[in-house]
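Only one structure is covered here, and it is reproduced in the block below.
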Amino acid sequence: MSTFVGRAGDHIAAAALHRLGVQSAICNQDGFDIAIFLNQKSYRLEVKAASGVYSINENKFTFSTNTGNKTKTKLKSADCDIVCLVALPTRTCIFKHVSQITAKNTRLRCSIFTIENETRSWNETMETLE
């Protein structure tokens with residue numbers, strides 16, 4: 001993924017968090033991109049962005065939900081607490097608790113990337129963290 005795609009994803013994720021009333025800071029640390037401060041707690045958020053639709057049936061975004069250079073492993077709790085999947089064409093996000101990431105690549109239907117689902121996925125992720 002290009003640096004441009006990654007940075008654009010970081011900023012779209014930060015904007016979504018701002019819309020949700022969540023205090024955050026882009027920090028690009030090993031394993032996570034955004035620090036979140038909520039209810040006297042901090043959380044690590046990893047952003048994964050898709051710049052287009054590349055699946056065979058053309059209606060899914062594919063995200064590389066892995067870490068590592070040579071040996072790729074799926075994201076895990078040692079890396080981050082929350083994963084934010086950003087669809088650049090729609091400028092919307094889906095949030096997931098890192099435990100919901102089950103593979104090195106995650107594919108999601110384009111149709112789920114809406115503001116309503118962005119809010120719903122954030123609320124569900126926060127319930128998981130509590």
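Note on naming: chains are A, B, ... as they come in the structure tokens, residues start from 1 per chain, ligands start from 1 in the order shown.
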(request) Mind checking which residues fall within 10 Å of segment 69-75 of chain A, counting only C-alpha atoms, ignoring those fewer than 3 positions away in the same chain, and posting them as a list in words? (result)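 Contacts, with the query itself left out: Gly31, Glu46, Ser64, Thr65, Asn66, Ala78, Asp79, Cys80, Asp81, Ile82, Val83, Val98, Ser99, Gln100, Ile101, Thr102, Ala103, Lys104, Asn105 and Thr106 of chain A.
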Long-range neighbours of Arg107 of chain A as a CSV table (one decimal) with all heavy atoms, in the first residue's frame, 9 Å cut-off, only C-alpha atoms, 6 positions minimum in chain:
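Once everything was written out, this is part-v1.csv:
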chain,number,residue,atom,x,y,z
A,55,SER,N,-11.9,-7.3,-5.6
A,55,SER,CA,-12.3,-8.7,-5.6
A,55,SER,C,-12.9,-9.1,-6.9
A,55,SER,O,-13.3,-8.3,-7.7
A,55,SER,CB,-13.3,-8.9,-4.4
A,55,SER,OG,-14.6,-8.5,-4.8
A,60,LYS,N,-16.7,-6.0,-3.2
A,60,LYS,CA,-16.1,-6.0,-1.9
A,60,LYS,C,-14.8,-5.3,-1.9
A,60,LYS,O,-14.0,-5.3,-2.9
A,60,LYS,CB,-15.8,-7.5,-1.5
A,60,LYS,CG,-17.1,-8.3,-1.3
A,60,LYS,CD,-16.7,-9.7,-0.8
A,60,LYS,CE,-18.0,-10.5,-0.6
A,60,LYS,NZ,-17.7,-11.8,-0.2
A,61,PHE,N,-14.5,-4.6,-0.7
A,61,PHE,CA,-13.2,-4.1,-0.5
A,61,PHE,C,-12.4,-5.1,0.2
A,61,PHE,O,-12.9,-5.9,1.0
A,61,PHE,CB,-13.3,-2.8,0.4
A,61,PHE,CG,-14.0,-1.6,-0.2
A,61,PHE,CD1,-15.2,-1.2,0.2
A,61,PHE,CD2,-13.3,-0.9,-1.2
A,61,PHE,CE1,-15.8,-0.1,-0.3
A,61,PHE,CE2,-13.9,0.2,-1.8
A,61,PHE,CZ,-15.2,0.6,-1.3
A,62,THR,N,-11.1,-5.1,-0.1
A,62,THR,CA,-10.1,-6.1,0.5
A,62,THR,C,-9.1,-5.3,1.3
A,62,THR,O,-8.5,-4.3,0.8
A,62,THR,CB,-9.4,-6.9,-0.5
A,62,THR,OG1,-10.4,-7.7,-1.3
A,62,THR,CG2,-8.5,-7.9,0.1
A,63,PHE,N,-9.0,-5.6,2.6
A,63,PHE,CA,-8.0,-5.0,3.5
A,63,PHE,C,-7.0,-5.9,3.9
A,63,PHE,O,-7.3,-7.1,4.3
A,63,PHE,CB,-8.8,-4.5,4.7
A,63,PHE,CG,-9.9,-3.5,4.4
A,63,PHE,CD1,-11.2,-4.0,4.2
A,63,PHE,CD2,-9.7,-2.2,4.3
A,63,PHE,CE1,-12.2,-3.1,3.8
A,63,PHE,CE2,-10.7,-1.3,4.0
A,63,PHE,CZ,-12.0,-1.8,3.8
A,64,SER,N,-5.7,-5.5,3.9
A,64,SER,CA,-4.6,-6.3,4.4
A,64,SER,C,-4.6,-6.1,6.0
A,64,SER,O,-4.0,-5.2,6.5
A,64,SER,CB,-3.3,-5.8,3.8
A,64,SER,OG,-3.3,-6.1,2.5
Can you tell me which residues surround His11 of chain A at a distance of at most 10 Å, considering only C-alpha atoms, apart from same-chain residues fewer than 2 positions away, and format the answer as a CSV table (one decimal) with all heavy atoms, in the first residue's frame?
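Contents of the output file part.csv:
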chain,number,residue,atom,x,y,z
A,6,GLY,N,-2.3,5.1,2.9
A,6,GLY,CA,-2.2,4.9,4.3
A,6,GLY,C,-2.5,6.2,5.1
A,6,GLY,O,-3.3,6.2,6.0
A,7,ARG,N,-1.9,7.3,4.6
A,7,ARG,CA,-2.1,8.6,5.3
A,7,ARG,C,-3.6,9.1,5.1
A,7,ARG,O,-4.2,9.6,6.0
A,7,ARG,CB,-1.1,9.6,4.8
A,7,ARG,CG,0.2,9.4,5.4
A,7,ARG,CD,1.2,10.5,5.0
A,7,ARG,NE,2.5,10.2,5.6
A,7,ARG,CZ,3.6,10.7,5.1
A,7,ARG,NH1,3.6,11.6,4.1
A,7,ARG,NH2,4.7,10.4,5.7
A,8,ALA,N,-4.1,8.9,3.9
A,8,ALA,CA,-5.5,9.3,3.6
A,8,ALA,C,-6.4,8.5,4.6
A,8,ALA,O,-7.3,9.1,5.2
A,8,ALA,CB,-5.8,9.0,2.2
A,9,GLY,N,-6.1,7.2,4.7
A,9,GLY,CA,-6.9,6.4,5.6
A,9,GLY,C,-6.9,6.9,7.1
A,9,GLY,O,-7.9,6.9,7.8
A,13,ALA,N,-10.1,8.2,9.1
A,13,ALA,CA,-10.5,7.5,10.4
A,13,ALA,C,-10.5,8.6,11.5
A,13,ALA,O,-11.4,8.6,12.3
A,13,ALA,CB,-9.4,6.4,10.7
A,14,ALA,N,-9.6,9.5,11.5
A,14,ALA,CA,-9.6,10.5,12.6
A,14,ALA,C,-10.8,11.4,12.4
A,14,ALA,O,-11.4,11.8,13.4
A,14,ALA,CB,-8.3,11.4,12.5
A,15,ALA,N,-11.2,11.7,11.2
A,15,ALA,CA,-12.4,12.5,11.0
A,15,ALA,C,-13.6,11.8,11.5
A,15,ALA,O,-14.5,12.4,12.1
A,15,ALA,CB,-12.5,12.9,9.5
A,16,ALA,N,-13.7,10.5,11.2
A,16,ALA,CA,-14.8,9.7,11.7
A,16,ALA,C,-14.9,9.7,13.2
A,16,ALA,O,-16.0,9.9,13.8
A,16,ALA,CB,-14.7,8.3,11.2
A,17,LEU,N,-13.8,9.5,13.8
A,17,LEU,CA,-13.7,9.6,15.3
A,17,LEU,C,-14.2,10.9,15.8
A,17,LEU,O,-14.9,11.0,16.8
A,17,LEU,CB,-12.3,9.3,15.8
A,17,LEU,CG,-11.9,7.8,15.6
A,17,LEU,CD1,-10.4,7.7,15.8
A,17,LEU,CD2,-12.6,6.9,16.5
A,25,ALA,N,-5.5,11.1,18.4
A,25,ALA,CA,-4.4,11.7,17.8
A,25,ALA,C,-3.7,10.7,16.9
A,25,ALA,O,-3.5,9.6,17.3
A,25,ALA,CB,-3.4,12.1,18.9
A,26,ILE,N,-3.4,11.2,15.7
A,26,ILE,CA,-2.6,10.4,14.7
A,26,ILE,C,-1.2,10.3,15.2
A,26,ILE,O,-0.6,11.4,15.5
A,26,ILE,CB,-2.7,10.9,13.3
A,26,ILE,CG1,-4.2,10.9,12.8
A,26,ILE,CG2,-1.8,10.2,12.4
A,26,ILE,CD1,-4.4,11.6,11.5
A,34,ILE,N,-3.4,5.4,15.4
A,34,ILE,CA,-4.1,6.5,16.1
A,34,ILE,C,-4.3,6.1,17.6
A,34,ILE,O,-4.6,5.0,17.9
A,34,ILE,CB,-5.5,6.7,15.5
A,34,ILE,CG1,-5.4,7.2,14.1
A,34,ILE,CG2,-6.3,7.7,16.3
A,34,ILE,CD1,-6.7,7.5,13.3
A,47,VAL,N,-5.3,1.5,11.5
A,47,VAL,CA,-6.1,1.9,10.3
A,47,VAL,C,-5.6,1.0,9.1
A,47,VAL,O,-4.4,0.9,8.9
A,47,VAL,CB,-5.9,3.4,10.0
A,47,VAL,CG1,-6.7,3.7,8.7
A,47,VAL,CG2,-6.4,4.2,11.1
A,86,VAL,N,-11.0,1.4,6.4
A,86,VAL,CA,-11.4,2.6,5.7
A,86,VAL,C,-11.6,2.4,4.2
A,86,VAL,O,-10.7,1.9,3.6
A,86,VAL,CB,-10.4,3.8,5.9
A,86,VAL,CG1,-10.8,5.0,5.2
A,86,VAL,CG2,-10.2,4.1,7.4
A,91,ARG,N,-15.2,7.3,1.7
A,91,ARG,CA,-14.7,8.0,2.9
A,91,ARG,C,-15.4,7.7,4.1
A,91,ARG,O,-15.8,8.5,4.9
A,91,ARG,CB,-14.8,9.5,2.6
A,91,ARG,CG,-13.9,10.0,1.5
A,91,ARG,CD,-13.9,11.5,1.3
A,91,ARG,NE,-13.1,11.8,0.2
A,91,ARG,CZ,-13.1,13.0,-0.4
A,91,ARG,NH1,-13.9,14.0,0.1
A,91,ARG,NH2,-12.4,13.3,-1.4
(request) Skip Phe95 of chain A itself and residues of its chain fewer than 6 positions away, then list as a list of chain:residue names all residues within 8 Å of it, counting only C-alpha atoms. (result)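 Surrounding residues, per the criterion: A:Ile82, A:Val83, A:Cys84, A:Leu85, A:Glu118, A:Ser121, A:Trp122, A:Thr125.
Using only C-alpha atoms, the shortest contact distance between Asp30 of chain A and any of A:Ser51, A:Ile12, A:Gly68, A:Cys110 is found at A:Gly68.
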(message) DSSP on the backbone, strand (DSSP E) only: what residues of segment 34-73 of chain A does that give? Format it as a PyMOL selection string.
(response) chain A and resi 34-38+41-50+60-64+66-67+73
(request) Using backbone DSSP assignments, extract all alpha helix (DSSP H) residues from chain A; output them as a PyMOL selection string. (result) chain A and resi 3-19+115-129
